[in-house]
Every structure is written in structure tokens, then in C-alpha cells.
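*Asks:* Here you go, this is target.cif (mmCIF, C-alpha atoms).
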data_model
loop_
_atom_site.label_atom_id
_atom_site.label_comp_id
_atom_site.auth_asym_id
_atom_site.auth_seq_id
_atom_site.Cartn_x
_atom_site.Cartn_y
_atom_site.Cartn_z
CA MET A 2 3.11 26.74 -5.42
CA LEU A 3 -0.65 27.32 -5.46
CA MET A 4 -0.78 25.67 -8.85
CA GLN A 5 0.94 22.54 -7.55
CA ALA A 6 -1.36 22.47 -4.52
CA GLY A 7 -4.32 22.69 -6.87
CA VAL A 8 -2.93 19.86 -8.99
CA LEU A 9 -2.52 17.73 -5.85
CA ILE A 10 -6.12 18.36 -4.77
CA VAL A 11 -7.44 17.63 -8.26
CA ALA A 12 -5.31 14.48 -8.44
CA ILE A 13 -6.67 13.18 -5.12
CA ILE A 14 -10.24 13.92 -6.24
CA LEU A 15 -9.53 12.18 -9.55
CA ALA A 16 -8.18 9.10 -7.77
CA VAL A 17 -11.13 8.95 -5.40
CA TYR A 18 -13.73 9.47 -8.14
CA SER A 19 -11.99 6.94 -10.38
CA ALA A 20 -12.10 4.38 -7.56
CA LYS A 21 -15.83 5.08 -7.18
CA ILE A 22 -16.69 4.50 -10.84
CA LEU A 23 -14.36 1.50 -10.98
CA VAL A 24 -16.20 -0.09 -8.07
CA SER A 25 -19.56 0.82 -9.62
CA GLY A 26 -18.60 -0.83 -12.90
CA ALA A 27 -17.27 -3.90 -11.12
CA ILE A 28 -20.52 -4.26 -9.16
CA SER A 29 -22.53 -4.05 -12.36
CA ILE A 30 -20.40 -6.72 -14.04
CA ALA A 31 -20.58 -8.96 -10.98
CA LYS A 32 -24.39 -8.72 -10.87
CA ARG A 33 -24.75 -9.25 -14.61
CA PHE A 34 -22.59 -12.41 -14.58
CA ALA A 35 -24.08 -13.73 -11.31
CA ILE A 36 -20.90 -13.44 -9.26
CA PRO A 37 -21.83 -14.11 -5.59
CA GLU A 38 -22.74 -10.93 -3.72
CA PHE A 39 -20.29 -11.56 -0.89
CA ILE A 40 -17.49 -11.31 -3.46
CA ILE A 41 -18.87 -7.93 -4.51
CA GLY A 42 -19.11 -6.69 -0.94
CA ALA A 43 -16.04 -8.14 0.73
CA PHE A 44 -13.58 -7.60 -2.09
CA ILE A 45 -14.75 -5.29 -4.89
CA ILE A 46 -16.13 -2.63 -2.54
CA GLY A 47 -13.93 -3.22 0.53
CA PHE A 48 -10.65 -3.52 -1.35
CA GLY A 49 -11.81 -1.21 -4.12
CA THR A 50 -11.70 1.77 -1.76
CA SER A 51 -7.98 1.03 -1.25
CA LEU A 52 -7.16 1.34 -4.93
CA PRO A 53 -5.99 4.99 -4.67
CA GLU A 54 -3.28 3.93 -2.19
CA PHE A 55 -2.34 1.06 -4.49
CA ALA A 56 -2.11 3.34 -7.54
CA VAL A 57 0.00 5.92 -5.70
CA ASN A 58 2.39 3.29 -4.35
CA ILE A 59 2.92 1.52 -7.65
CA GLN A 60 3.62 4.83 -9.37
CA ALA A 61 5.97 5.90 -6.57
CA ALA A 62 7.82 2.57 -6.71
CA LEU A 63 8.23 2.77 -10.49
CA GLU A 64 9.72 6.25 -10.08
CA GLY A 65 11.99 5.09 -7.25
CA ASN A 66 10.24 7.28 -4.66
CA THR A 67 9.89 4.56 -2.04
CA GLU A 68 9.89 7.05 0.85
CA LEU A 69 6.56 8.45 -0.35
CA ALA A 70 5.26 4.91 -0.96
CA ILE A 71 5.67 3.70 2.62
CA ALA A 72 4.68 7.07 4.11
CA ASN A 73 1.47 6.84 2.09
CA ILE A 74 0.63 3.45 3.61
CA LEU A 75 1.42 4.55 7.16
CA GLY A 76 -0.47 7.82 6.81
CA SER A 77 -3.47 6.13 5.19
CA ASN A 78 -3.77 3.40 7.83
CA LEU A 79 -3.44 5.90 10.67
CA PHE A 80 -6.14 8.07 9.12
CA ASN A 81 -8.41 5.04 8.62
CA THR A 82 -7.98 3.78 12.17
CA CYS A 83 -7.80 6.99 14.16
CA VAL A 84 -9.85 9.54 12.20
CA THR A 85 -12.45 7.45 10.34
CA LEU A 86 -13.13 4.99 13.17
CA GLY A 87 -12.65 7.73 15.75
CA LEU A 88 -15.19 10.10 14.20
CA LEU A 89 -17.73 7.37 13.47
CA GLY A 90 -17.11 5.77 16.86
CA LEU A 91 -18.28 8.95 18.58
CA SER A 92 -21.77 8.08 17.33
CA GLY A 93 -21.73 5.08 19.66
CA GLN A 94 -23.20 2.90 16.91
CA LEU A 95 -20.20 0.95 15.55
CA VAL A 96 -20.90 -2.73 16.21
CA ILE A 97 -18.04 -5.07 17.18
CA ASN A 98 -18.77 -8.51 15.76
CA SER A 99 -17.20 -11.66 17.14
CA ASP A 100 -15.23 -12.25 13.93
CA VAL A 101 -13.76 -8.75 14.19
CA ARG A 102 -12.64 -9.52 17.76
CA ILE A 103 -11.15 -12.90 16.89
CA LYS A 104 -9.55 -12.32 13.48
CA ASP A 105 -9.73 -8.86 11.94
CA ALA A 106 -8.47 -6.72 14.84
CA PRO A 107 -5.57 -9.09 15.69
CA TYR A 108 -4.69 -9.35 11.99
CA ASN A 109 -4.64 -5.56 11.78
CA LEU A 110 -2.24 -5.48 14.74
CA ILE A 111 -0.04 -8.14 13.11
CA ALA A 112 0.13 -6.03 9.94
CA ALA A 113 1.31 -2.99 11.91
CA LEU A 114 3.87 -5.06 13.82
CA MET A 115 5.23 -6.66 10.65
CA ILE A 116 6.10 -3.28 9.17
CA ALA A 117 7.97 -2.46 12.38
CA VAL A 118 9.85 -5.76 12.42
CA CYS A 119 10.62 -6.12 8.70
CA GLY A 120 11.69 -2.50 8.34
CA ASN A 121 14.14 -2.41 11.24
CA GLN A 122 16.78 -5.03 10.48
CA LEU A 123 19.42 -2.55 11.59
CA PHE A 124 18.23 -2.91 15.18
CA LEU A 125 17.00 -6.50 15.15
CA ASP A 126 19.53 -8.25 12.88
CA HIS A 127 22.46 -5.83 13.28
CA ILE A 128 22.93 -5.36 9.54
CA ASN A 129 23.79 -2.13 7.75
CA TYR A 130 20.45 -1.45 6.09
CA HIS A 131 16.80 -1.37 7.03
CA GLN A 132 14.26 -1.99 4.29
CA ILE A 133 11.33 -4.14 3.25
CA MET A 134 12.78 -6.52 0.68
CA MET A 135 11.52 -9.11 -1.80
CA SER A 136 11.53 -11.86 0.84
CA HIS A 137 9.40 -9.69 3.14
CA ALA A 138 7.09 -8.87 0.25
CA LEU A 139 6.43 -12.54 -0.45
CA ILE A 140 5.60 -13.09 3.23
CA PHE A 141 3.24 -10.10 3.15
CA LEU A 142 1.47 -11.52 0.11
CA CYS A 143 1.17 -14.92 1.80
CA PHE A 144 -0.48 -13.27 4.80
CA PHE A 145 -2.86 -11.51 2.43
CA CYS A 146 -3.82 -14.82 0.82
CA ILE A 147 -4.45 -16.32 4.26
CA TYR A 148 -6.67 -13.37 5.16
CA VAL A 149 -8.64 -13.71 1.92
CA TYR A 150 -9.04 -17.45 2.48
CA TYR A 151 -10.41 -17.09 6.01
CA THR A 152 -12.63 -14.19 4.94
CA LEU A 153 -14.19 -16.37 2.24
CA LEU A 154 -14.52 -19.18 4.79
CA GLU A 155 -16.35 -16.84 7.16
CA VAL A 156 -18.69 -15.79 4.37
CA LYS A 157 -19.44 -19.41 3.54
CA GLN A 158 -20.22 -20.05 7.20
CA GLY A 159 -22.44 -16.96 7.39
CA ALA A 160 -20.33 -14.57 9.47
CA PRO A 161 -22.48 -11.44 9.85
CA HIS A 162 -19.93 -8.72 9.21
CA LYS A 163 -18.74 -10.42 6.03
CA GLN A 164 -22.13 -10.30 4.39
CA PRO A 165 -22.28 -7.98 1.37
CA LEU A 166 -21.08 -4.57 2.47
CA HIS A 167 -23.40 -1.60 2.17
CA LYS A 168 -26.61 -3.54 1.61
CA HIS A 169 -28.48 -0.29 1.15
CA HIS A 170 -25.98 0.66 -1.50
CA HIS A 171 -26.56 -2.64 -3.29
CA GLN A 172 -30.31 -2.07 -3.28
CA ALA A 173 -29.81 1.39 -4.72
CA LEU A 174 -27.73 -0.11 -7.51
CA LYS A 175 -30.29 -2.65 -8.66
CA SER A 176 -30.98 -0.42 -11.62
CA ASP A 177 -27.45 -1.23 -12.76
CA ASN A 178 -28.78 -4.62 -13.85
CA ASN A 179 -30.44 -2.80 -16.70
CA SER A 180 -27.30 -1.01 -17.79
CA SER A 181 -25.28 -2.40 -20.64
CA THR A 182 -22.26 -4.59 -20.13
CA ALA A 183 -20.31 -2.28 -22.40
CA LYS A 184 -21.08 0.65 -20.11
CA ALA A 185 -19.89 -1.31 -17.07
CA PHE A 186 -16.64 -2.24 -18.80
CA PHE A 187 -16.25 1.40 -19.81
CA TYR A 188 -16.54 2.38 -16.13
CA ILE A 189 -13.91 -0.19 -15.17
CA ILE A 190 -11.44 0.90 -17.86
CA THR A 191 -12.05 4.60 -17.19
CA GLY A 192 -11.65 4.04 -13.45
CA LEU A 193 -8.35 2.23 -13.91
CA ILE A 194 -7.01 4.95 -16.22
CA GLY A 195 -8.11 7.64 -13.78
CA LEU A 196 -6.46 5.83 -10.87
CA VAL A 197 -3.16 5.48 -12.70
CA LEU A 198 -3.24 9.10 -13.88
CA GLY A 199 -4.32 10.35 -10.45
CA GLY A 200 -1.59 8.34 -8.76
CA GLU A 201 1.04 9.77 -11.10
CA LEU A 202 -0.17 13.35 -10.53
CA ILE A 203 -0.28 12.87 -6.76
CA VAL A 204 3.31 11.63 -6.68
CA SER A 205 4.68 14.35 -8.96
CA SER A 206 2.80 17.26 -7.34
CA ALA A 207 3.64 16.04 -3.83
CA GLU A 208 7.33 15.93 -4.71
CA LYS A 209 7.22 19.49 -6.11
CA ILE A 210 5.39 20.83 -3.07
CA ALA A 211 7.93 19.14 -0.82
CA GLN A 212 10.75 20.83 -2.72
CA LEU A 213 9.08 24.26 -2.66
CA PHE A 214 8.50 24.16 1.09
CA GLY A 215 11.68 22.32 1.91
CA LEU A 216 9.55 19.51 3.32
CA SER A 217 10.43 15.86 3.04
CA ASN A 218 8.46 13.38 0.97
CA ARG A 219 7.91 11.59 4.27
CA LEU A 220 5.85 14.45 5.72
CA ILE A 221 3.87 14.99 2.50
CA GLY A 222 3.07 11.28 2.33
CA LEU A 223 2.12 11.00 6.00
CA LEU A 224 -0.07 14.09 6.30
CA ILE A 225 -1.37 14.82 2.78
CA VAL A 226 -1.18 11.90 0.36
CA GLY A 227 -2.02 9.16 2.89
CA PRO A 228 -5.14 10.84 4.33
CA GLY A 229 -6.13 12.06 0.86
CA THR A 230 -6.17 8.58 -0.61
CA SER A 231 -8.19 7.37 2.42
CA MET A 232 -11.19 9.49 1.48
CA PRO A 233 -13.00 6.52 -0.21
CA GLU A 234 -12.97 4.59 3.07
CA LEU A 235 -14.26 7.63 4.99
CA ILE A 236 -16.98 8.35 2.41
CA ALA A 237 -18.08 4.71 2.23
CA SER A 238 -18.21 4.51 6.03
CA LEU A 239 -20.28 7.69 6.30
CA VAL A 240 -22.74 6.26 3.77
CA ALA A 241 -22.95 3.03 5.77
CA LEU A 242 -23.51 4.98 9.00
CA ARG A 243 -26.32 7.03 7.45
CA SER A 244 -27.99 3.86 6.19
CA ARG A 245 -27.53 2.32 9.67
CA SER A 246 -25.29 -0.43 8.27
CA THR A 247 -22.96 0.12 11.20
CA ALA A 248 -21.94 -3.52 11.58
CA LEU A 249 -20.21 -3.30 8.20
CA ILE A 250 -17.90 -0.36 8.87
CA LEU A 251 -15.28 -2.12 11.02
CA GLY A 252 -14.78 -4.92 8.52
CA ASN A 253 -14.46 -2.38 5.72
CA ILE A 254 -11.89 -0.15 7.45
CA ILE A 255 -9.79 -2.91 8.99
CA GLY A 256 -9.91 -4.88 5.74
CA SER A 257 -8.65 -1.80 3.91
CA ASN A 258 -5.72 -1.47 6.35
CA ILE A 259 -4.79 -5.11 5.84
CA PHE A 260 -5.02 -4.70 2.06
CA ASN A 261 -2.75 -1.64 2.24
CA VAL A 262 -0.02 -3.45 4.17
CA PHE A 263 -0.06 -7.02 2.94
CA PHE A 264 -1.05 -6.45 -0.68
CA THR A 265 -0.15 -2.88 -1.65
CA LEU A 266 3.12 -2.74 0.29
CA GLY A 267 3.87 -6.33 -0.68
CA ILE A 268 3.47 -5.59 -4.40
CA THR A 269 5.44 -2.35 -4.00
CA ALA A 270 8.38 -4.19 -2.43
CA THR A 271 8.45 -6.73 -5.27
CA ILE A 272 9.02 -3.83 -7.70
CA GLN A 273 11.70 -2.15 -5.60
CA PRO A 274 12.96 -2.57 -2.01
CA VAL A 275 11.29 -0.09 0.35
CA PRO A 276 13.72 1.50 2.85
CA LEU A 277 12.23 2.47 6.20
CA ASP A 278 13.81 5.77 7.17
CA PHE A 279 14.45 6.21 10.90
CA SER A 280 12.10 9.19 10.97
CA LEU A 281 9.23 6.97 9.79
CA ASN A 282 9.51 4.82 12.90
CA GLN A 283 7.45 7.45 14.70
CA ALA A 284 4.54 6.79 12.33
CA VAL A 285 5.18 3.04 12.64
CA LEU A 286 4.95 3.34 16.44
CA PHE A 287 1.66 5.25 16.27
CA ASN A 288 0.25 2.67 13.84
CA VAL A 289 1.11 -0.11 16.28
CA LEU A 290 -0.34 1.90 19.18
CA ALA A 291 -3.65 2.53 17.37
CA ALA A 292 -3.94 -1.09 16.20
CA ALA A 293 -3.11 -2.36 19.70
CA LEU A 294 -5.73 -0.06 21.25
CA LEU A 295 -8.38 -1.53 18.94
CA ALA A 296 -7.33 -5.13 19.55
CA ILE A 297 -7.03 -4.79 23.34
CA THR A 298 -10.30 -2.87 23.58
CA PHE A 299 -12.10 -5.50 21.54
CA TRP A 300 -10.62 -8.33 23.62
CA LEU A 301 -11.03 -6.93 27.12
CA VAL A 302 -14.11 -4.71 26.96
CA PRO A 303 -17.25 -6.86 26.77
CA LYS A 304 -19.24 -4.36 24.73
CA GLU A 305 -20.95 -4.84 21.40
CA LYS A 306 -20.09 -1.33 20.22
CA ILE A 307 -17.00 0.89 20.18
CA SER A 308 -17.20 3.20 23.17
CA ARG A 309 -16.91 6.95 22.85
CA ILE A 310 -13.85 6.75 25.12
CA THR A 311 -12.05 4.49 22.65
CA ALA A 312 -13.09 6.74 19.77
CA SER A 313 -11.78 9.80 21.61
CA LEU A 314 -8.47 8.05 22.34
CA LEU A 315 -8.07 7.21 18.64
CA LEU A 316 -8.62 10.85 17.68
CA LEU A 317 -6.17 11.94 20.40
CA ILE A 318 -3.53 9.55 19.03
CA TYR A 319 -3.87 11.10 15.58
CA CYS A 320 -3.68 14.66 16.94
CA VAL A 321 -0.49 13.88 18.89
CA TYR A 322 0.98 12.08 15.87
CA THR A 323 0.23 15.05 13.57
CA VAL A 324 1.79 17.58 15.94
CA LEU A 325 4.93 15.45 16.40
CA ALA A 326 5.23 14.80 12.64
CA ILE A 327 5.07 18.53 11.87
CA TYR A 328 7.43 19.41 14.72
CA GLN A 329 9.92 16.76 13.63
#
Could you render the structure as C-alpha cells?

*Replies:*
Amino acid sequence: MLMQAGVLIVAIILAVYSAKILVSGAISIAKRFAIPEFIIGAFIIGFGTSLPEFAVNIQAALEGNTELAIANILGSNLFNTCVTLGLLGLSGQLVINSDVRIKDAPYNLIAALMIAVCGNQLFLDHINYHQIMMSHALIFLCFFCIYVYYTLLEVKQGAPHKQPLHKHHHQALKSDNNSSTAKAFFYIITGLIGLVLGGELIVSSAEKIAQLFGLSNRLIGLLIVGPGTSMPELIASLVALRSRSTALILGNIIGSNIFNVFFTLGITATIQPVPLDFSLNQAVLFNVLAAALLAITFWLVPKEKISRITASLLLLIYCVYTVLAIYQ
């Protein structure tokens, strides 16, 4: 058992590190070929930190383990929203931009609601199954394209929180301009290989641990794999907080959540339908609750920063969710 736990930890570290070098290589290529910096920030870095979740889900879908795939998404988004934003929000420095209020937070809530609606046909349509199917997947991917389009439009119009993420990080990477293109492509290829291998190891070790403890793949995905693959978002946000780039954190975290649902889950469901087990509705409910708390707080509270009260409530939501998930 200890061996499998060690494999799981190593696999998560491998996935996270692979995502880091993949993003680093992509940044170097983008700079070398004069790709606009907002593309680097908004997509390569922001979505790049969601690659571990993507790798795990694709591997799980290919192996037919769709329960782990959707539990990974739910667990990751809950960790991003409640733990990452909760912990960083306690600093009282997380800036709420107007574009986050108007588009990102509502879009994040829509993503959480769509999982609840599309995964519960048994209750809503009175049919004998409840799963996210190909038709749902195509809708998810359409929503993702809409989000990307409006994000690019905001960048073109100069929206502040869509400027290149982690400006300090970009300045620190200026030396990459002197690195060879071959080295950058090596980083990209190595990162992709590491992500695929890490995703495969995470899925296989999680399944074995679940069997040894008699735990379900649902619980392993919600409490171990999901939070584990969310480490890039947490690390990137901590770096941004230390460099006082606090206005960038919300766009990064919420963008990652949207990527997880509309792109990762959408692609997963095109490979194989994703059943939503009744027991997962608890995690779905907490995802909706956390997303609604963010959206309502941003709409109704005329503050420029996330309050410590909101941050504490997010952490409380995750604590209650964890206790109920273990108890269940």
C-alpha cells in the first residue's frame, strides 16, 4: 500500500513538474516567434496549469474509468475555488476587476450549473440514465470557444486582468530569449510525455489504493487526485501573490475552472460518455454553492478586493465538503 501511495505522490509531482516545463518551453517559443504576450499569459500559462487535470481525464476516459474522470474535475475545481482562493483571499489583497464581475464569475457559475443539469437527466428528463453525453460535450466545447473569443476581445480592448499573467514571471524569463529553439521544443515534448505518463500513473495508482482501502474511485478522485492536480494553480497563484500581481490571480483560477469543465470534461465526454453517479451530486452541489458565493459576492458587495469573510466562507465550504465526502 505504501508503495502505491508513493507512486501516486510521485505521479502527481511528475504531472505538476511536467506542466511547469511545458509552459516554460511554450513561453520561450512564443517569445522567439513573436507571438503576442497576451496569448502567452491568458492561454499558455492560465490553461497550461490545467494540463494535469486534462492528462488524468483523457487517460481515465481511455481506460473507461469515467467515475475518476468527473470526480477529478469536481475535486479540482472545488480545491481551486475554496482552498486556493480562500487561502489567498485571507491576505485581503485579491483584486476583483470589473471583467471578473461581469463575465468570469458568472461563467464559472454557469459551468458548475451545467454539470448539474447535464448529469441529472434522470431527475430532469425522467429517463433511465444520467450521464454527460456527446451532445453535452459539443455544447461544453462551444461554451469554451465563446469564452476564449470574449477573452481575446477583452485583451484587444485592454481589459486589465487579461493582460499577460505573472508579469514578474515574464520579466524573469527574458533570459529564455537567448535559449535555443531546440531546447524549448525539447521542454514542450518532455512536458507532454511527462504529463501523459504522470496521468497514467495517477489513474492506475489511485485505482489500486481505492481497492486496497475499499474506497471508491469517486472518493480518491475528489480528495486526492483532484486537489493533487490543482497544485500548479496554487503554486502559480502564490508566486503572483508574492510578486504583488494580485489582480491576475482571479482570472487565472476562474479561467482554470472553466477550462476544466468546458474543455477537459467536454473532450473527455467525446471519447466516452461520463456517467454522473448519484453520490457525486454532493460534490456538484458544493461546486455550485462555491461558484454562487463568488458570483453573488462580486455582484452585491461593492468592494475591489475579496473580503476575509468571503475567503473564510470558501474554506468552510471545503471543510464541510471534505468531512461529508469521507463520512459518505

*Asks:* Take the PyMOL selection byres ((chain A and resi 193) around 10), apply it to the structure above, and return the hits as number ranges by chain.

*Replies:* A: 16, 19-20, 22-23, 52-53, 56, 187-192, 194-199

*Asks:* Store the residues picked out above in a file with C-alpha atoms, as an mmCIF file, keeping the file's coordinate frame.

*Replies:*
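So the final result, stored in out_19.cif, reads:
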data_model
loop_
_atom_site.group_PDB
_atom_site.id
_atom_site.type_symbol
_atom_site.label_atom_id
_atom_site.label_comp_id
_atom_site.auth_asym_id
_atom_site.auth_seq_id
_atom_site.Cartn_x
_atom_site.Cartn_y
_atom_site.Cartn_z
ATOM 1 C CA ALA A 16 -8.180 9.100 -7.770
ATOM 2 C CA SER A 19 -11.990 6.940 -10.380
ATOM 3 C CA ALA A 20 -12.100 4.380 -7.560
ATOM 4 C CA ILE A 22 -16.690 4.500 -10.840
ATOM 5 C CA LEU A 23 -14.360 1.500 -10.980
ATOM 6 C CA LEU A 52 -7.160 1.340 -4.930
ATOM 7 C CA PRO A 53 -5.990 4.990 -4.670
ATOM 8 C CA ALA A 56 -2.110 3.340 -7.540
ATOM 9 C CA PHE A 187 -16.250 1.400 -19.810
ATOM 10 C CA TYR A 188 -16.540 2.380 -16.130
ATOM 11 C CA ILE A 189 -13.910 -0.190 -15.170
ATOM 12 C CA ILE A 190 -11.440 0.900 -17.860
ATOM 13 C CA THR A 191 -12.050 4.600 -17.190
ATOM 14 C CA GLY A 192 -11.650 4.040 -13.450
ATOM 15 C CA ILE A 194 -7.010 4.950 -16.220
ATOM 16 C CA GLY A 195 -8.110 7.640 -13.780
ATOM 17 C CA LEU A 196 -6.460 5.830 -10.870
ATOM 18 C CA VAL A 197 -3.160 5.480 -12.700
ATOM 19 C CA LEU A 198 -3.240 9.100 -13.880
ATOM 20 C CA GLY A 199 -4.320 10.350 -10.450
#

*Asks:* Go through A:Ala284, A:Leu314, A:Ala185, A:Ile103 and flag the residue nearest Val24 in chain A, using all atoms listed in the file for the distances.

*Replies:* A:Ala185

*Asks:* Quick check, in Å to one decimal: how far apart do CA of Lys184 in chain A and CA of Gly49 in chain A lie?

*Replies:*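 Pair CA of Lys184 in chain A / CA of Gly49 in chain A returns 18.6 Å.
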
*Asks:* Record the distance separating CA of Ile13 in chain A and CA of Phe186 in chain A, expressed in Å with one decimal.

*Replies:*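 Separation between CA of Ile13 in chain A and CA of Phe186 in chain A: 22.9 Å.
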
*Asks:* Report as an MDAnalysis selection string all protein, DNA and RNA residues lying within 9 Å of Thr230 in chain A, evaluated on all atoms listed in the file, omitting residues in the same chain fewer than 4 positions from it.

*Replies:* chainID A and resid 13:14 16:17 50:54 57 73 77 225:226 234

*Asks:* Keeping only C-alpha atoms, write the selected residues to a file as a CSV table (one decimal), in the frame of the given file.

*Replies:*
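Heads up, here's the output in result-v8.csv:
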chain,number,residue,atom,x,y,z
A,13,ILE,CA,-6.7,13.2,-5.1
A,14,ILE,CA,-10.2,13.9,-6.2
A,16,ALA,CA,-8.2,9.1,-7.8
A,17,VAL,CA,-11.1,9.0,-5.4
A,50,THR,CA,-11.7,1.8,-1.8
A,51,SER,CA,-8.0,1.0,-1.2
A,52,LEU,CA,-7.2,1.3,-4.9
A,53,PRO,CA,-6.0,5.0,-4.7
A,54,GLU,CA,-3.3,3.9,-2.2
A,57,VAL,CA,0.0,5.9,-5.7
A,73,ASN,CA,1.5,6.8,2.1
A,77,SER,CA,-3.5,6.1,5.2
A,225,ILE,CA,-1.4,14.8,2.8
A,226,VAL,CA,-1.2,11.9,0.4
A,234,GLU,CA,-13.0,4.6,3.1

*Asks:* Determine the residue membership of the PyMOL selection byres ((chain A and resi 254) around 9) for the file above and supply it as an MDAnalysis selection string.

*Replies:* chainID A and resid 47 78 81:82 85:86 234:235 238 249:253 255:259

*Asks:* Please write as number ranges by chain the full residue list that the PyMOL selection byres ((chain A and resi 326) around 12) yields on this file.

*Replies:* A: 72, 76, 216-217, 219-225, 280-285, 287, 319-325, 327-329

*Asks:* What is the CA of Lys304 in chain A to CA of Tyr151 in chain A distance in Å?

*Replies:*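 Taking CA of Lys304 in chain A as the start and CA of Tyr151 in chain A as the end point, the length is 24.3 Å.
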
*Asks:* Between A:Tyr150, A:Phe263, A:Phe48, A:Phe279, which residue has the minimum interatomic distance to Leu123 in chain A, considering all atoms listed in the file?

*Replies:*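 Checking each candidate against Leu123 in chain A, we get A:Phe279 as the closest.
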
*Asks:* Please provide as a compact mmCIF listing (two decimals) with C-alpha atoms, in the frame of the given file all residues within 9 Å of His137 in chain A, with the sequence filter that same-chain residues fewer than 2 positions apart are discarded (counting all atoms listed in the file).

*Replies:*
# COMPACT_ATOMS: atom_id res chain seq x y z
CA CYS A 119 10.62 -6.12 8.70
CA ILE A 133 11.33 -4.14 3.25
CA MET A 134 12.78 -6.52 0.68
CA MET A 135 11.52 -9.11 -1.80
CA LEU A 139 6.43 -12.54 -0.45
CA ILE A 140 5.60 -13.09 3.23
CA PHE A 141 3.24 -10.10 3.15
CA LEU A 142 1.47 -11.52 0.11
CA GLY A 267 3.87 -6.33 -0.68
CA ALA A 270 8.38 -4.19 -2.43
CA THR A 271 8.45 -6.73 -5.27

*Asks:* Kindly list the centre and edge lengths in Å, rounded to one decimal, for the axis-aligned box that covers all listed atoms of range 50-60 of chain A plus 5 Å on each of its six sides, as JSON.

*Replies:*
{"center_x": -4.0, "center_y": 3.5, "center_z": -5.3, "size_x": 25.3, "size_y": 14.9, "size_z": 18.1}

*Asks:* Considering all atoms listed in the file, can you say which of A:Lys209, A:Ala6, A:Ile74, A:Val262 comes closest to Pro228 in chain A?

*Replies:*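 Among A:Lys209, A:Ala6, A:Ile74, A:Val262, it is A:Ile74 that comes nearest to Pro228 in chain A.
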
*Asks:* Considering all atoms listed in the file, state which residue in the set A:Gln5, A:Ser308, A:Ser99, A:Ser181 is at the smallest distance from Ala211 in chain A.

*Replies:*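 Ranking A:Gln5, A:Ser308, A:Ser99, A:Ser181 by distance to Ala211 in chain A, first place goes to A:Gln5.
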
*Asks:* Would you fill out range 72-88 of chain A with N, CA and C atoms and return it as an mmCIF file, keeping the file's coordinate frame?

*Replies:*
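To be explicit, this is the file written out as out22.cif:
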data_model
loop_
_atom_site.group_PDB
_atom_site.id
_atom_site.type_symbol
_atom_site.label_atom_id
_atom_site.label_comp_id
_atom_site.auth_asym_id
_atom_site.auth_seq_id
_atom_site.Cartn_x
_atom_site.Cartn_y
_atom_site.Cartn_z
ATOM 1 N N ALA A 72 5.338 6.019 3.331
ATOM 2 C CA ALA A 72 4.680 7.070 4.110
ATOM 3 C C ALA A 72 3.202 7.129 3.773
ATOM 4 N N ASN A 73 2.862 6.862 2.503
ATOM 5 C CA ASN A 73 1.470 6.840 2.090
ATOM 6 C C ASN A 73 0.698 5.750 2.814
ATOM 7 N N ILE A 74 1.286 4.559 2.920
ATOM 8 C CA ILE A 74 0.630 3.450 3.610
ATOM 9 C C ILE A 74 0.445 3.758 5.090
ATOM 10 N N LEU A 75 1.501 4.244 5.737
ATOM 11 C CA LEU A 75 1.420 4.550 7.160
ATOM 12 C C LEU A 75 0.405 5.651 7.435
ATOM 13 N N GLY A 76 0.453 6.713 6.621
ATOM 14 C CA GLY A 76 -0.470 7.820 6.810
ATOM 15 C C GLY A 76 -1.913 7.408 6.544
ATOM 16 N N SER A 77 -2.127 6.586 5.531
ATOM 17 C CA SER A 77 -3.470 6.130 5.190
ATOM 18 C C SER A 77 -4.057 5.252 6.289
ATOM 19 N N ASN A 78 -3.262 4.292 6.789
ATOM 20 C CA ASN A 78 -3.770 3.400 7.830
ATOM 21 C C ASN A 78 -4.048 4.139 9.131
ATOM 22 N N LEU A 79 -3.188 5.101 9.468
ATOM 23 C CA LEU A 79 -3.440 5.900 10.670
ATOM 24 C C LEU A 79 -4.721 6.705 10.527
ATOM 25 N N PHE A 80 -4.931 7.284 9.356
ATOM 26 C CA PHE A 80 -6.140 8.070 9.120
ATOM 27 C C PHE A 80 -7.375 7.164 9.200
ATOM 28 N N ASN A 81 -7.293 5.983 8.571
ATOM 29 C CA ASN A 81 -8.410 5.040 8.620
ATOM 30 C C ASN A 81 -8.769 4.670 10.052
ATOM 31 N N THR A 82 -7.753 4.277 10.820
ATOM 32 C CA THR A 82 -7.980 3.780 12.170
ATOM 33 C C THR A 82 -8.389 4.890 13.130
ATOM 34 N N CYS A 83 -7.604 5.965 13.140
ATOM 35 C CA CYS A 83 -7.800 6.990 14.160
ATOM 36 C C CYS A 83 -8.898 7.994 13.802
ATOM 37 N N VAL A 84 -8.898 8.485 12.566
ATOM 38 C CA VAL A 84 -9.850 9.540 12.200
ATOM 39 C C VAL A 84 -11.197 8.942 11.790
ATOM 40 N N THR A 85 -11.180 8.005 10.809
ATOM 41 C CA THR A 85 -12.450 7.450 10.340
ATOM 42 C C THR A 85 -13.170 6.686 11.447
ATOM 43 N N LEU A 86 -12.484 5.726 12.083
ATOM 44 C CA LEU A 86 -13.130 4.990 13.170
ATOM 45 C C LEU A 86 -13.367 5.870 14.379
ATOM 46 N N GLY A 87 -12.469 6.827 14.625
ATOM 47 C CA GLY A 87 -12.650 7.730 15.750
ATOM 48 C C GLY A 87 -13.886 8.589 15.602
ATOM 49 N N LEU A 88 -14.031 9.230 14.435
ATOM 50 C CA LEU A 88 -15.190 10.100 14.200
ATOM 51 C C LEU A 88 -16.492 9.309 14.219
#
